[in-house]
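Down below is the structure, laid out as structure tokens.
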Amino acid sequence: MFEMKAGLTSRVKLPEAWFTLIWSPLKKADKYEVTLKVPSVAGLYEIYRMDSEKKLNLLSVTHAWYGGLRSQIRAAIDPEATNDPVRKAELEDAELYYRYAPCESFQDIIDAVWYLHSIYFPDDIRVEHSGRYSRIYLNEKAPDRLYWNG
């Protein structure tokens, strides 16, 4: 059986870039499990919250650079790690899930996160792309075939 290796790769033909984003399998968020299983490397990640109808809702898609995926995901799922009362309420007693994709290039990570924000939250893009390309394309793959559609 073919196993997908999580990560972000790029193919460039200036002035355009094509990214392939392969997510890790979606996992239930548990700070101990994150500590043991998530690598402490740069990359991007998503956090989901299960609602009362058992539907996953995307809380965030963002990057991890300093501290790596492990520490960023742990902080993102811990209600005690934030002073924002709205964020704390979102996390308290929530059934959270995460997935990630390692990558060594900060500019590639930022371009991919920008692309995902422009698709997921077109009216609220909170990150800028690297400015290296006139067009960015992204092909998303996930071993569990979970794709966010808003």
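In the structure tokens, chains take letters A, B, ... by order of appearance, with residues numbered from 1 within each chain and ligands from 1 in the order shown.
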
Non-local contacts of Leu146 in chain A (10 Å; only C-alpha atoms; under 5 positions in same chain excluded) as an mmCIF file with C-alpha atoms, in the first residue's frame:
```
data_model
loop_
_atom_site.group_PDB
_atom_site.id
_atom_site.type_symbol
_atom_site.label_atom_id
_atom_site.label_comp_id
_atom_site.auth_asym_id
_atom_site.auth_seq_id
_atom_site.Cartn_x
_atom_site.Cartn_y
_atom_site.Cartn_z
ATOM 1 C CA TRP A 23 -1.123 16.621 5.044
ATOM 2 C CA PRO A 25 -3.406 12.087 8.873
ATOM 3 C CA LEU A 26 -5.919 14.049 10.945
ATOM 4 C CA LEU A 56 -15.365 19.475 11.774
ATOM 5 C CA GLU A 140 -3.732 19.471 -1.644
ATOM 6 C CA LYS A 141 -3.568 15.790 -0.700
#
```

*List every residue of chain A that DSSP, applied to the backbone of this structure, assigns to strand (DSSP E or B), and report them as a PyMOL selection string.*
chain A and resi 7-13+16-22+27-28+43-50+56-64+95-102+135-141

Those same residues, written as a PDB file, in the first residue's frame with C-alpha atoms?
```pdb
ATOM      1  CA  GLY A   7       5.190  17.716   3.478  1.00  0.00           C
ATOM      2  CA  LEU A   8       5.161  20.705   1.145  1.00  0.00           C
ATOM      3  CA  THR A   9       7.041  20.685  -2.142  1.00  0.00           C
ATOM      4  CA  SER A  10       7.237  23.196  -4.974  1.00  0.00           C
ATOM      5  CA  ARG A  11       7.853  23.305  -8.690  1.00  0.00           C
ATOM      6  CA  VAL A  12       8.731  26.712 -10.113  1.00  0.00           C
ATOM      7  CA  LYS A  13       8.574  28.047 -13.639  1.00  0.00           C
ATOM      8  CA  GLU A  16       4.582  30.976 -11.372  1.00  0.00           C
ATOM      9  CA  ALA A  17       4.846  28.276  -8.700  1.00  0.00           C
ATOM     10  CA  TRP A  18       2.998  25.005  -8.168  1.00  0.00           C
ATOM     11  CA  PHE A  19       2.912  23.600  -4.651  1.00  0.00           C
ATOM     12  CA  THR A  20       1.954  20.119  -3.555  1.00  0.00           C
ATOM     13  CA  LEU A  21       0.757  19.973   0.032  1.00  0.00           C
ATOM     14  CA  ILE A  22       0.456  16.535   1.599  1.00  0.00           C
ATOM     15  CA  LYS A  27      -5.414  13.253  14.639  1.00  0.00           C
ATOM     16  CA  LYS A  28      -7.368  14.026  17.779  1.00  0.00           C
ATOM     17  CA  GLY A  43       5.844  23.616   8.543  1.00  0.00           C
ATOM     18  CA  LEU A  44       2.181  24.497   8.411  1.00  0.00           C
ATOM     19  CA  TYR A  45      -0.772  23.092  10.299  1.00  0.00           C
ATOM     20  CA  GLU A  46      -4.542  23.186  10.694  1.00  0.00           C
ATOM     21  CA  ILE A  47      -6.646  22.974  13.851  1.00  0.00           C
ATOM     22  CA  TYR A  48     -10.254  21.750  13.685  1.00  0.00           C
ATOM     23  CA  ARG A  49     -13.057  21.694  16.271  1.00  0.00           C
ATOM     24  CA  MET A  50     -15.826  19.096  16.261  1.00  0.00           C
ATOM     25  CA  LEU A  56     -15.365  19.475  11.774  1.00  0.00           C
ATOM     26  CA  ASN A  57     -14.937  23.258  11.715  1.00  0.00           C
ATOM     27  CA  LEU A  58     -11.619  24.800  10.769  1.00  0.00           C
ATOM     28  CA  LEU A  59     -10.306  27.045  13.555  1.00  0.00           C
ATOM     29  CA  SER A  60      -6.971  27.936  12.000  1.00  0.00           C
ATOM     30  CA  VAL A  61      -4.449  27.256   9.303  1.00  0.00           C
ATOM     31  CA  THR A  62      -1.078  28.774  10.007  1.00  0.00           C
ATOM     32  CA  HIS A  63       2.667  28.300   9.971  1.00  0.00           C
ATOM     33  CA  ALA A  64       5.214  27.119  12.476  1.00  0.00           C
ATOM     34  CA  GLU A  95     -12.949  18.114  20.767  1.00  0.00           C
ATOM     35  CA  LEU A  96      -9.997  19.323  18.687  1.00  0.00           C
ATOM     36  CA  TYR A  97      -8.142  17.760  15.770  1.00  0.00           C
ATOM     37  CA  TYR A  98      -4.942  18.723  13.962  1.00  0.00           C
ATOM     38  CA  ARG A  99      -2.856  17.893  10.938  1.00  0.00           C
ATOM     39  CA  TYR A 100       0.418  19.241   9.631  1.00  0.00           C
ATOM     40  CA  ALA A 101       2.894  19.300   6.774  1.00  0.00           C
ATOM     41  CA  PRO A 102       6.614  19.803   7.433  1.00  0.00           C
ATOM     42  CA  ARG A 135       0.619  33.217  -9.591  1.00  0.00           C
ATOM     43  CA  ILE A 136       0.550  30.451  -7.023  1.00  0.00           C
ATOM     44  CA  TYR A 137      -1.182  27.098  -7.483  1.00  0.00           C
ATOM     45  CA  LEU A 138      -1.618  24.481  -4.792  1.00  0.00           C
ATOM     46  CA  ASN A 139      -2.592  20.816  -5.004  1.00  0.00           C
ATOM     47  CA  GLU A 140      -3.732  19.471  -1.644  1.00  0.00           C
ATOM     48  CA  LYS A 141      -3.568  15.790  -0.700  1.00  0.00           C
TER      49      LYS A 141
END
```

*Rank nothing, just name the residue among A:Leu91, A:Thr35, A:Ala76, A:Ser71 nearest to Asp51 in chain A, using only C-alpha atoms.*
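Result for the nearest residue to Asp51 in chain A: A:Leu91.
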
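Shortest atom-to-atom contact with Lys5 in chain A among A:Asp144, A:Ile119, A:Ser24, A:Lys88: A:Ser24, counting only C-alpha atoms.
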
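All residues of protein, DNA or RNA that reach within 8 Å of Trp114 in chain A, judged by only C-alpha atoms and not counting those fewer than 2 positions away in the chain, are A:Ile110, A:Asp111, A:Ala112, A:Leu116, A:His117, A:Ser118, A:Ile125, A:Arg126, A:Val127, A:Glu128, A:His129.
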
Keeping only N, CA and C atoms, write the selected residues as a PDB file, in the first residue's frame.
```
ATOM      1  N   ILE A 110       4.903  30.235   3.817  1.00  0.00           N
ATOM      2  CA  ILE A 110       4.089  31.461   3.784  1.00  0.00           C
ATOM      3  C   ILE A 110       3.237  31.508   2.517  1.00  0.00           C
ATOM      4  N   ASP A 111       3.814  31.127   1.389  1.00  0.00           N
ATOM      5  CA  ASP A 111       3.043  31.111   0.138  1.00  0.00           C
ATOM      6  C   ASP A 111       1.877  30.128   0.230  1.00  0.00           C
ATOM      7  N   ALA A 112       2.114  28.950   0.797  1.00  0.00           N
ATOM      8  CA  ALA A 112       1.053  27.953   0.929  1.00  0.00           C
ATOM      9  C   ALA A 112      -0.028  28.419   1.906  1.00  0.00           C
ATOM     10  N   LEU A 116      -3.986  29.092   1.063  1.00  0.00           N
ATOM     11  CA  LEU A 116      -5.090  28.475   1.798  1.00  0.00           C
ATOM     12  C   LEU A 116      -6.003  29.530   2.417  1.00  0.00           C
ATOM     13  N   HIS A 117      -5.419  30.596   2.970  1.00  0.00           N
ATOM     14  CA  HIS A 117      -6.241  31.689   3.519  1.00  0.00           C
ATOM     15  C   HIS A 117      -7.082  32.327   2.418  1.00  0.00           C
ATOM     16  N   SER A 118      -6.505  32.519   1.237  1.00  0.00           N
ATOM     17  CA  SER A 118      -7.248  33.168   0.154  1.00  0.00           C
ATOM     18  C   SER A 118      -8.417  32.301  -0.328  1.00  0.00           C
ATOM     19  N   ILE A 125      -7.899  37.579   4.883  1.00  0.00           N
ATOM     20  CA  ILE A 125      -6.568  37.001   4.674  1.00  0.00           C
ATOM     21  C   ILE A 125      -5.604  37.687   5.635  1.00  0.00           C
ATOM     22  N   ARG A 126      -4.984  36.893   6.528  1.00  0.00           N
ATOM     23  CA  ARG A 126      -4.147  37.455   7.592  1.00  0.00           C
ATOM     24  C   ARG A 126      -2.660  37.223   7.389  1.00  0.00           C
ATOM     25  N   VAL A 127      -2.271  36.795   6.210  1.00  0.00           N
ATOM     26  CA  VAL A 127      -0.857  36.551   5.948  1.00  0.00           C
ATOM     27  C   VAL A 127      -0.553  36.997   4.514  1.00  0.00           C
ATOM     28  N   GLU A 128       0.633  37.495   4.307  1.00  0.00           N
ATOM     29  CA  GLU A 128       1.070  37.919   2.972  1.00  0.00           C
ATOM     30  C   GLU A 128       1.910  36.822   2.340  1.00  0.00           C
ATOM     31  N   HIS A 129       1.809  36.691   1.032  1.00  0.00           N
ATOM     32  CA  HIS A 129       2.669  35.737   0.328  1.00  0.00           C
ATOM     33  C   HIS A 129       4.073  36.319   0.217  1.00  0.00           C
TER      34      HIS A 129
END
```
